[in-house]
>>> print(open('work15.cif').read())   # mmCIF, C-alpha atoms
data_upload
#
loop_
_atom_site.label_atom_id
_atom_site.label_comp_id
_atom_site.auth_asym_id
_atom_site.auth_seq_id
_atom_site.Cartn_x
_atom_site.Cartn_y
_atom_site.Cartn_z
CA MET A 1 -74.21 81.93 3.22
CA ALA A 2 -73.20 79.64 6.07
CA ALA A 3 -69.55 79.03 6.90
CA ASP A 4 -70.21 75.29 7.12
CA GLU A 5 -71.46 75.07 3.53
CA PRO A 6 -69.01 73.31 1.17
CA LEU A 7 -66.39 75.55 -0.45
CA VAL A 8 -65.62 74.13 -3.89
CA LEU A 9 -63.46 75.19 -6.83
CA GLY A 10 -64.67 74.19 -10.29
CA ILE A 11 -62.67 73.91 -13.52
CA GLU A 12 -64.32 73.97 -16.96
CA THR A 13 -62.34 73.32 -20.18
CA SER A 14 -64.76 71.42 -22.43
CA CYS A 15 -64.39 73.79 -25.39
CA ASP A 16 -62.70 77.19 -25.80
CA GLU A 17 -63.38 78.78 -22.40
CA THR A 18 -61.00 78.26 -19.49
CA GLY A 19 -63.42 78.74 -16.61
CA VAL A 20 -62.63 78.61 -12.89
CA GLY A 21 -65.38 79.22 -10.37
CA ILE A 22 -65.54 79.11 -6.59
CA VAL A 23 -68.80 78.66 -4.67
CA ARG A 24 -69.78 78.17 -1.06
CA GLY A 25 -72.97 76.13 -1.04
CA THR A 26 -75.16 77.95 -3.56
CA THR A 27 -73.35 81.29 -3.27
CA LEU A 28 -70.99 82.36 -6.05
CA LEU A 29 -67.72 83.80 -4.77
CA ALA A 30 -65.67 83.96 -7.97
CA ASP A 31 -66.15 83.34 -11.68
CA ALA A 32 -62.91 83.77 -13.63
CA VAL A 33 -62.88 83.10 -17.38
CA ALA A 34 -60.11 83.18 -19.98
CA SER A 35 -61.52 82.88 -23.49
CA SER A 36 -59.72 81.99 -26.72
CA VAL A 37 -62.75 82.79 -28.90
CA ASP A 38 -61.00 85.64 -30.72
CA THR A 39 -58.26 83.27 -31.84
CA HIS A 40 -60.78 80.75 -33.16
CA ALA A 41 -62.77 83.47 -34.95
CA ARG A 42 -60.01 83.66 -37.55
CA PHE A 43 -60.83 80.07 -38.53
CA GLY A 44 -64.63 80.36 -38.39
CA GLY A 45 -64.92 77.84 -35.55
CA VAL A 46 -63.15 76.22 -32.63
CA VAL A 47 -59.85 74.53 -33.46
CA PRO A 48 -59.33 71.76 -30.84
CA GLU A 49 -55.52 71.91 -30.78
CA ILE A 50 -55.52 75.69 -30.32
CA ALA A 51 -58.14 75.42 -27.58
CA SER A 52 -56.07 72.85 -25.69
CA ARG A 53 -52.93 74.98 -25.84
CA ALA A 54 -54.87 78.05 -24.68
CA HIS A 55 -56.25 76.11 -21.68
CA LEU A 56 -52.74 74.99 -20.77
CA GLU A 57 -51.43 78.55 -20.78
CA ALA A 58 -54.41 80.05 -18.95
CA MET A 59 -55.01 77.40 -16.29
CA VAL A 60 -52.80 78.42 -13.36
CA PRO A 61 -53.29 82.20 -13.77
CA THR A 62 -57.07 81.73 -13.95
CA ILE A 63 -57.13 79.56 -10.83
CA GLU A 64 -55.03 82.11 -8.96
CA ARG A 65 -57.31 84.93 -10.14
CA ALA A 66 -60.39 83.05 -8.91
CA LEU A 67 -58.86 82.36 -5.48
CA LYS A 68 -57.91 86.03 -5.12
CA GLU A 69 -61.37 87.19 -6.21
CA ALA A 70 -63.05 84.84 -3.72
CA GLY A 71 -60.69 85.87 -0.95
CA VAL A 72 -59.89 82.27 -0.01
CA SER A 73 -56.85 80.05 0.08
CA ALA A 74 -56.59 76.79 -1.82
CA ARG A 75 -56.14 75.12 1.58
CA ASP A 76 -59.64 76.27 2.58
CA LEU A 77 -61.33 74.27 -0.20
CA ASP A 78 -63.55 71.29 0.63
CA GLY A 79 -63.25 69.85 -2.86
CA ILE A 80 -62.21 70.37 -6.46
CA ALA A 81 -64.66 69.71 -9.29
CA VAL A 82 -63.82 69.47 -12.98
CA THR A 83 -65.70 68.83 -16.20
CA SER A 84 -64.65 65.34 -17.23
CA GLY A 85 -67.01 65.24 -20.23
CA PRO A 86 -68.56 65.60 -22.68
CA GLY A 87 -66.48 67.98 -24.81
CA LEU A 88 -63.30 68.19 -26.86
CA ALA A 89 -60.98 65.40 -25.70
CA GLY A 90 -57.77 67.42 -25.64
CA ALA A 91 -59.38 70.41 -23.97
CA LEU A 92 -61.01 68.23 -21.31
CA LEU A 93 -57.70 66.52 -20.63
CA VAL A 94 -56.04 69.81 -19.66
CA GLY A 95 -58.73 70.59 -17.09
CA VAL A 96 -58.87 67.07 -15.68
CA SER A 97 -55.08 66.92 -15.36
CA ALA A 98 -54.98 70.26 -13.55
CA ALA A 99 -57.78 69.28 -11.18
CA LYS A 100 -56.08 65.99 -10.34
CA ALA A 101 -52.79 67.76 -9.66
CA TYR A 102 -54.38 70.31 -7.31
CA ALA A 103 -56.49 67.64 -5.57
CA TYR A 104 -53.47 65.42 -5.03
CA ALA A 105 -51.14 68.16 -3.81
CA LEU A 106 -53.74 69.70 -1.50
CA GLY A 107 -55.22 66.43 -0.25
CA LYS A 108 -58.72 67.46 -1.34
CA PRO A 109 -61.49 65.23 -2.76
CA LEU A 110 -61.85 65.31 -6.55
CA TYR A 111 -65.20 65.32 -8.40
CA GLY A 112 -65.31 64.65 -12.13
CA VAL A 113 -68.69 66.06 -13.21
CA ASN A 114 -70.83 66.15 -16.34
CA HIS A 115 -70.82 69.32 -18.43
CA LEU A 116 -74.57 69.16 -19.14
CA ALA A 117 -75.58 68.50 -15.55
CA SER A 118 -73.41 71.47 -14.56
CA HIS A 119 -75.35 73.72 -16.94
CA ILE A 120 -78.50 72.77 -15.02
CA CYS A 121 -77.01 73.14 -11.55
CA VAL A 122 -75.63 76.65 -12.18
CA ASP A 123 -79.16 78.03 -11.82
CA GLN A 124 -78.89 77.37 -8.08
CA LEU A 125 -76.42 80.24 -7.88
CA GLU A 126 -79.09 82.64 -9.15
CA HIS A 127 -82.47 81.30 -8.09
CA GLY A 128 -81.73 79.01 -5.14
CA PRO A 129 -82.03 75.22 -4.82
CA LEU A 130 -83.38 73.37 -7.84
CA PRO A 131 -86.87 71.90 -7.57
CA GLU A 132 -86.98 68.11 -7.74
CA PRO A 133 -87.57 66.97 -10.35
CA THR A 134 -86.18 69.71 -12.61
CA MET A 135 -87.12 69.96 -16.29
CA ALA A 136 -84.23 71.45 -18.25
CA LEU A 137 -83.83 72.62 -21.82
CA LEU A 138 -80.12 72.86 -22.64
CA VAL A 139 -79.17 74.64 -25.85
CA SER A 140 -75.61 75.36 -26.92
CA GLY A 141 -73.16 75.02 -29.78
CA GLY A 142 -72.80 71.30 -29.18
CA HIS A 143 -76.03 70.25 -27.51
CA SER A 144 -79.80 70.67 -27.71
CA SER A 145 -81.36 68.49 -25.03
CA LEU A 146 -84.50 68.10 -22.96
CA LEU A 147 -83.63 66.55 -19.60
CA LEU A 148 -85.59 65.51 -16.53
CA ALA A 149 -83.50 65.58 -13.35
CA PRO A 150 -85.10 64.10 -10.20
CA ASP A 151 -81.68 64.44 -8.52
CA ILE A 152 -79.03 66.57 -10.24
CA THR A 153 -76.22 64.62 -8.53
CA SER A 154 -77.33 61.11 -9.43
CA ASP A 155 -80.42 60.92 -11.64
CA VAL A 156 -80.61 62.84 -14.94
CA ARG A 157 -82.89 61.39 -17.63
CA PRO A 158 -82.73 62.38 -21.32
CA LEU A 159 -86.17 62.92 -22.86
CA GLY A 160 -84.95 64.23 -26.21
CA ALA A 161 -81.90 65.57 -28.01
CA THR A 162 -80.74 66.90 -31.34
CA ILE A 163 -80.39 64.24 -34.04
CA ASP A 164 -78.08 66.41 -36.17
CA ASP A 165 -77.01 70.05 -35.75
CA ALA A 166 -77.38 71.60 -32.32
CA ALA A 167 -79.14 74.97 -32.13
CA GLY A 168 -75.94 76.93 -31.49
CA GLU A 169 -74.20 75.14 -34.33
CA ALA A 170 -77.00 76.18 -36.70
CA PHE A 171 -76.62 79.81 -35.59
CA ASP A 172 -72.89 79.69 -36.35
CA LYS A 173 -73.42 78.12 -39.78
CA ILE A 174 -76.08 80.60 -40.88
CA ALA A 175 -73.94 83.49 -39.64
CA ARG A 176 -71.13 82.14 -41.82
CA VAL A 177 -73.42 82.01 -44.88
CA LEU A 178 -74.42 85.62 -44.18
CA ASN A 179 -70.76 86.63 -43.67
CA LEU A 180 -71.44 87.76 -40.11
CA GLY A 181 -68.40 86.16 -38.47
CA PHE A 182 -67.99 83.82 -35.50
CA PRO A 183 -69.61 83.16 -33.07
CA GLY A 184 -72.93 83.58 -34.83
CA GLY A 185 -75.44 83.63 -31.97
CA PRO A 186 -74.91 87.15 -30.58
CA VAL A 187 -74.82 88.90 -33.98
CA ILE A 188 -77.91 87.10 -35.30
CA ASP A 189 -79.75 87.95 -32.06
CA ARG A 190 -78.82 91.60 -32.47
CA LEU A 191 -79.76 91.85 -36.18
CA ALA A 192 -82.99 89.89 -35.66
CA LYS A 193 -84.34 92.68 -33.44
CA GLU A 194 -84.41 94.90 -36.53
CA GLY A 195 -85.98 92.28 -38.82
CA ASP A 196 -89.41 90.73 -39.40
CA PRO A 197 -89.63 87.18 -37.99
CA LYS A 198 -92.70 86.47 -40.15
CA SER A 199 -91.19 87.64 -43.44
CA ILE A 200 -89.84 84.21 -44.48
CA ALA A 201 -91.55 80.90 -43.69
CA PHE A 202 -88.63 78.67 -42.77
CA PRO A 203 -89.39 75.05 -41.76
CA ARG A 204 -89.81 73.75 -38.19
CA GLY A 205 -88.03 70.38 -37.98
CA LEU A 206 -89.55 67.34 -36.26
CA THR A 207 -92.85 69.00 -35.43
CA GLY A 208 -95.15 66.61 -37.30
CA PRO A 209 -97.64 64.32 -35.52
CA ARG A 210 -95.49 61.24 -36.17
CA ASP A 211 -92.16 62.85 -35.22
CA ALA A 212 -90.37 62.21 -31.93
CA PRO A 213 -92.03 64.70 -29.57
CA TYR A 214 -88.89 65.84 -27.75
CA ASP A 215 -86.10 65.42 -30.32
CA PHE A 216 -84.66 68.32 -32.30
CA SER A 217 -83.39 68.69 -35.87
CA PHE A 218 -81.92 71.91 -37.25
CA SER A 219 -80.02 70.54 -40.24
CA GLY A 220 -83.01 70.89 -42.59
CA LEU A 221 -83.64 74.43 -41.38
CA LYS A 222 -79.98 75.33 -41.91
CA THR A 223 -80.08 73.94 -45.46
CA SER A 224 -83.35 75.73 -46.23
CA VAL A 225 -81.99 79.09 -45.09
CA ALA A 226 -78.73 78.61 -46.97
CA ARG A 227 -80.56 77.74 -50.20
CA TRP A 228 -82.91 80.72 -49.81
CA ILE A 229 -79.90 83.02 -49.48
CA GLU A 230 -78.12 81.38 -52.44
CA ALA A 231 -81.23 81.80 -54.62
CA LYS A 232 -81.41 85.50 -53.82
CA ARG A 233 -77.75 86.00 -54.64
CA ALA A 234 -78.03 83.98 -57.87
CA ALA A 235 -80.89 86.21 -58.97
CA GLY A 236 -78.75 89.27 -58.31
CA GLU A 237 -81.02 90.42 -55.49
CA GLU A 238 -79.94 91.89 -52.20
CA VAL A 239 -80.27 89.53 -49.24
CA PRO A 240 -82.42 91.08 -46.46
CA VAL A 241 -80.01 90.05 -43.71
CA ARG A 242 -82.12 91.31 -40.80
CA ASP A 243 -85.26 89.56 -42.01
CA VAL A 244 -83.34 86.33 -42.64
CA ALA A 245 -81.82 86.53 -39.14
CA ALA A 246 -85.20 87.18 -37.54
CA SER A 247 -87.04 84.45 -39.48
CA PHE A 248 -84.30 81.87 -38.89
CA GLN A 249 -84.07 82.69 -35.18
CA GLU A 250 -87.84 82.49 -34.81
CA ALA A 251 -87.88 79.02 -36.39
CA VAL A 252 -85.27 77.80 -33.90
CA VAL A 253 -86.77 79.25 -30.72
CA ASP A 254 -90.30 78.31 -31.77
CA VAL A 255 -89.36 74.62 -31.87
CA LEU A 256 -87.25 74.75 -28.70
CA THR A 257 -89.89 76.42 -26.54
CA ARG A 258 -92.81 74.47 -27.99
CA LYS A 259 -91.21 71.11 -27.20
CA ALA A 260 -89.95 72.20 -23.78
CA VAL A 261 -93.39 73.37 -22.61
CA ARG A 262 -94.96 70.20 -23.99
CA ALA A 263 -92.49 68.10 -21.99
CA CYS A 264 -93.40 69.99 -18.81
CA LYS A 265 -97.10 69.30 -19.39
CA ASP A 266 -96.57 65.64 -20.27
CA GLU A 267 -94.34 65.00 -17.24
CA GLY A 268 -96.43 67.04 -14.81
CA VAL A 269 -93.56 69.42 -14.00
CA ASP A 270 -94.61 72.98 -13.21
CA HIS A 271 -91.32 74.72 -13.98
CA LEU A 272 -88.70 74.88 -16.74
CA MET A 273 -85.00 75.68 -16.49
CA ILE A 274 -83.18 76.82 -19.66
CA GLY A 275 -79.39 76.74 -19.82
CA GLY A 276 -76.47 76.61 -22.23
CA GLY A 277 -74.97 79.33 -24.39
CA VAL A 278 -78.05 79.81 -26.59
CA ALA A 279 -80.07 80.53 -23.44
CA ALA A 280 -78.50 83.99 -23.62
CA ASN A 281 -80.58 84.61 -26.77
CA SER A 282 -83.09 87.39 -26.05
CA ARG A 283 -85.85 86.01 -28.28
CA LEU A 284 -85.59 82.53 -26.75
CA ARG A 285 -85.99 84.05 -23.30
CA ALA A 286 -88.96 86.19 -24.35
CA LEU A 287 -90.86 83.42 -26.14
CA ALA A 288 -90.16 80.94 -23.35
CA GLU A 289 -91.49 83.43 -20.80
CA GLU A 290 -94.61 84.01 -22.89
CA ARG A 291 -95.38 80.31 -23.44
CA CYS A 292 -94.53 79.26 -19.89
CA GLU A 293 -96.79 81.93 -18.43
CA ARG A 294 -99.62 80.78 -20.70
CA ALA A 295 -99.09 77.16 -19.63
CA GLY A 296 -98.76 77.89 -15.91
CA VAL A 297 -95.09 76.89 -15.91
CA ARG A 298 -92.49 78.81 -13.89
CA LEU A 299 -89.42 79.73 -15.94
CA ARG A 300 -85.88 79.75 -14.51
CA VAL A 301 -83.08 81.12 -16.69
CA PRO A 302 -79.69 82.16 -15.29
CA ARG A 303 -78.26 85.52 -16.31
CA PRO A 304 -76.43 85.37 -19.68
CA GLY A 305 -72.96 85.23 -18.10
CA LEU A 306 -73.86 81.98 -16.34
CA CYS A 307 -75.42 80.42 -19.45
CA THR A 308 -72.20 80.19 -21.45
CA ASP A 309 -69.48 77.74 -20.37
CA ASN A 310 -67.97 78.75 -17.03
CA GLY A 311 -66.28 77.33 -13.96
CA ALA A 312 -69.06 78.52 -11.65
CA MET A 313 -71.43 75.87 -12.99
CA VAL A 314 -68.88 73.12 -12.34
CA ALA A 315 -68.25 74.40 -8.83
CA ALA A 316 -72.01 74.55 -8.20
CA LEU A 317 -72.45 70.89 -9.08
CA GLY A 318 -69.33 69.97 -7.14
CA ALA A 319 -70.67 71.74 -4.04
CA GLU A 320 -73.92 69.82 -4.39
CA MET A 321 -71.92 66.56 -4.61
CA VAL A 322 -70.12 67.43 -1.37
CA ALA A 323 -73.34 68.51 0.38
CA ARG A 324 -75.04 65.23 -0.53
CA ASN A 325 -72.01 63.12 0.40
CA ARG A 326 -71.54 61.71 -3.09
CA ARG A 327 -68.47 59.54 -3.51
CA PRO A 328 -65.46 61.47 -4.88
CA SER A 329 -63.72 60.42 -8.08
CA ASP A 330 -60.45 58.49 -8.08
CA LEU A 331 -57.20 60.17 -9.03
CA GLU A 332 -57.30 57.83 -12.04
CA LEU A 333 -60.19 59.96 -13.38
CA SER A 334 -59.95 60.38 -17.14
CA ALA A 335 -61.48 62.78 -19.66
CA ASP A 336 -64.45 61.29 -21.50
CA SER A 337 -65.46 63.26 -24.60
CA SER A 338 -68.74 61.34 -24.88
CA LEU A 339 -69.70 61.09 -21.19
CA PRO A 340 -73.48 60.42 -21.17
CA VAL A 341 -75.73 62.87 -19.36
CA THR A 342 -77.09 59.94 -17.36
CA GLU A 343 -73.79 60.12 -15.44
CA PRO A 344 -73.86 63.47 -13.59
CA HIS A 345 -70.50 62.61 -12.06
CA VAL A 346 -67.84 59.92 -12.20
CA PRO A 347 -67.54 58.34 -8.73
CA GLY A 348 -64.47 56.42 -7.68
CA ALA A 349 -64.44 52.82 -6.53
CA ALA A 350 -66.31 52.11 -3.31
CA HIS A 351 -63.06 51.10 -1.61
CA SER A 352 -61.35 54.36 -2.56
CA HIS A 353 -59.83 56.14 0.42
CA SER A 354 -59.16 59.77 1.09
CA HIS A 355 -55.91 61.34 0.00
CA ASP A 356 -54.16 60.72 3.32
CA HIS A 357 -51.27 59.20 1.41
CA VAL A 358 -50.32 62.62 0.04
CA HIS A 359 -47.13 63.75 1.70
CA GLU A 360 -47.56 66.92 3.71
CA ILE A 361 -44.36 68.28 2.22
CA SER A 362 -45.88 68.25 -1.27
CA LYS A 363 -48.81 70.32 -0.05
CA ASP A 364 -46.46 72.77 1.67
CA ASN A 365 -44.39 73.14 -1.45
CA LEU A 366 -47.45 74.01 -3.55
CA TYR A 367 -49.08 76.50 -1.18
CA SER A 368 -46.83 77.63 1.62
#
>>> encode(input="work15.cif", output="structure tokens")
Amino acid sequence: MAADEPLVLGIETSCDETGVGIVRGTTLLADAVASSVDTHARFGGVVPEIASRAHLEAMVPTIERALKEAGVSARDLDGIAVTSGPGLAGALLVGVSAAKAYAYALGKPLYGVNHLASHICVDQLEHGPLPEPTMALLVSGGHSSLLLAPDITSDVRPLGATIDDAAGEAFDKIARVLNLGFPGGPVIDRLAKEGDPKSIAFPRGLTGPRDAPYDFSFSGLKTSVARWIEAKRAAGEEVPVRDVAASFQEAVVDVLTRKAVRACKDEGVDHLMIGGGVAANSRLRALAEERCERAGVRLRVPRPGLCTDNGAMVAALGAEMVARNRRPSDLELSADSSLPVTEPHVPGAAHSHSHDHVHEISKDNLYS
């Protein structure tokens, strides 16, 4: 870690995690998270208004905790990065507003970055600089995407995406049908280890010869599993929860890994990065490792804590923006709930100046 590498604070509030990370170059210094998942569990899913309020209450304490953990002052920062989209509009707005306030008061450049591109860039904190181009499979509660990134700061190309339910969303819905609670991913992963993945032949969506090669569909699978469970219950039979969990999970990870490895072969890319919350799934990691090794593809997967939403991933992409001299965002930056992945960050106008207009007294008042 060199002292001249950019020191960047990242803020992530796209859903129910208030994440604040601090990195220097590609070295993680702090990763502070305040989660409201327990509150949402009572409702069986994320409630946007509750998430926004939780972000508002957690923001300043989480930033202060991250600065203390990193052993740096806010004045030392070279930039502030924030997820400006995609995500829940109200939740994003809290993070963007906080980032703009800190950037303005401290006179630091602001970088509004893309949530999905951040999920790719976080792998730099674990395995070093990303190869160029990078092939990435992102799987979470809101997204299932295959992306080719020749340059993570300026050129991210979508090859395929979910056309209905995302993989993580399907996990949550099946967990609800099985009365396993929320979130569904971790509990299904755990129960599946005790079940037989070959016991029930659930469908693999969009895997026919005429189907889009890189798109995903889990809605049909979700419906098939739900109907299978309903039929068992209607017949008065006990539902084999572990076998259902294992067979459902296998159907999901089979499709994800099959399409990802195919994309690597078709594009001539010899490595695959997997990110997003579902990347913490143990069976997805194992099957991806097995298929990548067979295909001569190197697999890069961050540790589970960096796969779920966090501020470290935002800081990682922000640091890369600073290192490559990408244009900062304007202070008029807004939250964009549908920000396309083709926009890794939201640059300001070419004529935008630095924040020299910020009065020194306002900086002193914030951090004396």
>>> resolve_selection(input="work15.cif", expression="the PyMOL selection byres ((chain A and resi 229) around 12)", output="PyMOL selection string")
chain A and resi 174-179+200+202+222-228+230-241+243-245+248
>>> write_last_selection(input="work15.cif", atoms="C-alpha atoms", output="PDB file, keeping the file's coordinate frame")
ATOM      1  CA  ILE A 174     -76.080  80.600 -40.880  1.00  0.00           C
ATOM      2  CA  ALA A 175     -73.940  83.490 -39.640  1.00  0.00           C
ATOM      3  CA  ARG A 176     -71.130  82.140 -41.820  1.00  0.00           C
ATOM      4  CA  VAL A 177     -73.420  82.010 -44.880  1.00  0.00           C
ATOM      5  CA  LEU A 178     -74.420  85.620 -44.180  1.00  0.00           C
ATOM      6  CA  ASN A 179     -70.760  86.630 -43.670  1.00  0.00           C
ATOM      7  CA  ILE A 200     -89.840  84.210 -44.480  1.00  0.00           C
ATOM      8  CA  PHE A 202     -88.630  78.670 -42.770  1.00  0.00           C
ATOM      9  CA  LYS A 222     -79.980  75.330 -41.910  1.00  0.00           C
ATOM     10  CA  THR A 223     -80.080  73.940 -45.460  1.00  0.00           C
ATOM     11  CA  SER A 224     -83.350  75.730 -46.230  1.00  0.00           C
ATOM     12  CA  VAL A 225     -81.990  79.090 -45.090  1.00  0.00           C
ATOM     13  CA  ALA A 226     -78.730  78.610 -46.970  1.00  0.00           C
ATOM     14  CA  ARG A 227     -80.560  77.740 -50.200  1.00  0.00           C
ATOM     15  CA  TRP A 228     -82.910  80.720 -49.810  1.00  0.00           C
ATOM     16  CA  GLU A 230     -78.120  81.380 -52.440  1.00  0.00           C
ATOM     17  CA  ALA A 231     -81.230  81.800 -54.620  1.00  0.00           C
ATOM     18  CA  LYS A 232     -81.410  85.500 -53.820  1.00  0.00           C
ATOM     19  CA  ARG A 233     -77.750  86.000 -54.640  1.00  0.00           C
ATOM     20  CA  ALA A 234     -78.030  83.980 -57.870  1.00  0.00           C
ATOM     21  CA  ALA A 235     -80.890  86.210 -58.970  1.00  0.00           C
ATOM     22  CA  GLY A 236     -78.750  89.270 -58.310  1.00  0.00           C
ATOM     23  CA  GLU A 237     -81.020  90.420 -55.490  1.00  0.00           C
ATOM     24  CA  GLU A 238     -79.940  91.890 -52.200  1.00  0.00           C
ATOM     25  CA  VAL A 239     -80.270  89.530 -49.240  1.00  0.00           C
ATOM     26  CA  PRO A 240     -82.420  91.080 -46.460  1.00  0.00           C
ATOM     27  CA  VAL A 241     -80.010  90.050 -43.710  1.00  0.00           C
ATOM     28  CA  ASP A 243     -85.260  89.560 -42.010  1.00  0.00           C
ATOM     29  CA  VAL A 244     -83.340  86.330 -42.640  1.00  0.00           C
ATOM     30  CA  ALA A 245     -81.820  86.530 -39.140  1.00  0.00           C
ATOM     31  CA  PHE A 248     -84.300  81.870 -38.890  1.00  0.00           C
TER      32      PHE A 248
END
>>> residues_around(input="work15.cif", residues="Leu306 in chain A", least_positions_apart="5", cutoff="10 Å", atoms="all atoms listed in the file", output="VMD selection string")
chain A and resid 31 119 122 to 123 125 to 126 275 to 277 279 to 280 301 311 to 313
>>> residues_near_point(input="work15.cif", point="(-70.9, 76.0, -5.4)", cutoff="12 Å", atoms="all atoms listed in the file", output="VMD selection string")
chain A and resid 1 5 to 11 20 to 31 70 77 to 81 118 121 to 126 128 to 129 311 to 323
>>> residues_around(input="work15.cif", residues="range 325-338 of chain A", least_positions_apart="6", cutoff="6 Å", atoms="all atoms listed in the file", output="PDB file with C-alpha atoms, in the frame of the given file")
ATOM      1  CA  SER A  84     -64.650  65.340 -17.230  1.00  0.00           C
ATOM      2  CA  GLY A  85     -67.010  65.240 -20.230  1.00  0.00           C
ATOM      3  CA  PRO A  86     -68.560  65.600 -22.680  1.00  0.00           C
ATOM      4  CA  GLY A  87     -66.480  67.980 -24.810  1.00  0.00           C
ATOM      5  CA  LEU A  88     -63.300  68.190 -26.860  1.00  0.00           C
ATOM      6  CA  ALA A  89     -60.980  65.400 -25.700  1.00  0.00           C
ATOM      7  CA  LEU A  92     -61.010  68.230 -21.310  1.00  0.00           C
ATOM      8  CA  LEU A  93     -57.700  66.520 -20.630  1.00  0.00           C
ATOM      9  CA  PRO A 109     -61.490  65.230  -2.760  1.00  0.00           C
ATOM     10  CA  LEU A 110     -61.850  65.310  -6.550  1.00  0.00           C
ATOM     11  CA  TYR A 111     -65.200  65.320  -8.400  1.00  0.00           C
ATOM     12  CA  VAL A 346     -67.840  59.920 -12.200  1.00  0.00           C
ATOM     13  CA  PRO A 347     -67.540  58.340  -8.730  1.00  0.00           C
ATOM     14  CA  GLY A 348     -64.470  56.420  -7.680  1.00  0.00           C
TER      15      GLY A 348
END
>>> closest_residue(input="work15.cif", among="A:Ala117, A:Val82, A:Ala350, A:Ala295", to="Val269 in chain A", atoms="only C-alpha atoms")
A:Ala295
>>> atom_distance(input="work15.cif", atom1="CA of Lys193 in chain A", atom2="CA of Leu180 in chain A")
15.3 Å
>>> resolve_selection(input="work15.cif", expression="the PyMOL selection byres ((chain A and resi 33) around 7)", output="PyMOL selection string")
chain A and resi 17-20+31-32+34-35+62+310
>>> atom_distance(input="work15.cif", atom1="CA of Ala349 in chain A", atom2="CA of Gly107 in chain A")
17.6 Å
>>> atom_distance(input="work15.cif", atom1="CA of Gly205 in chain A", atom2="CA of Gly185 in chain A")
19.2 Å
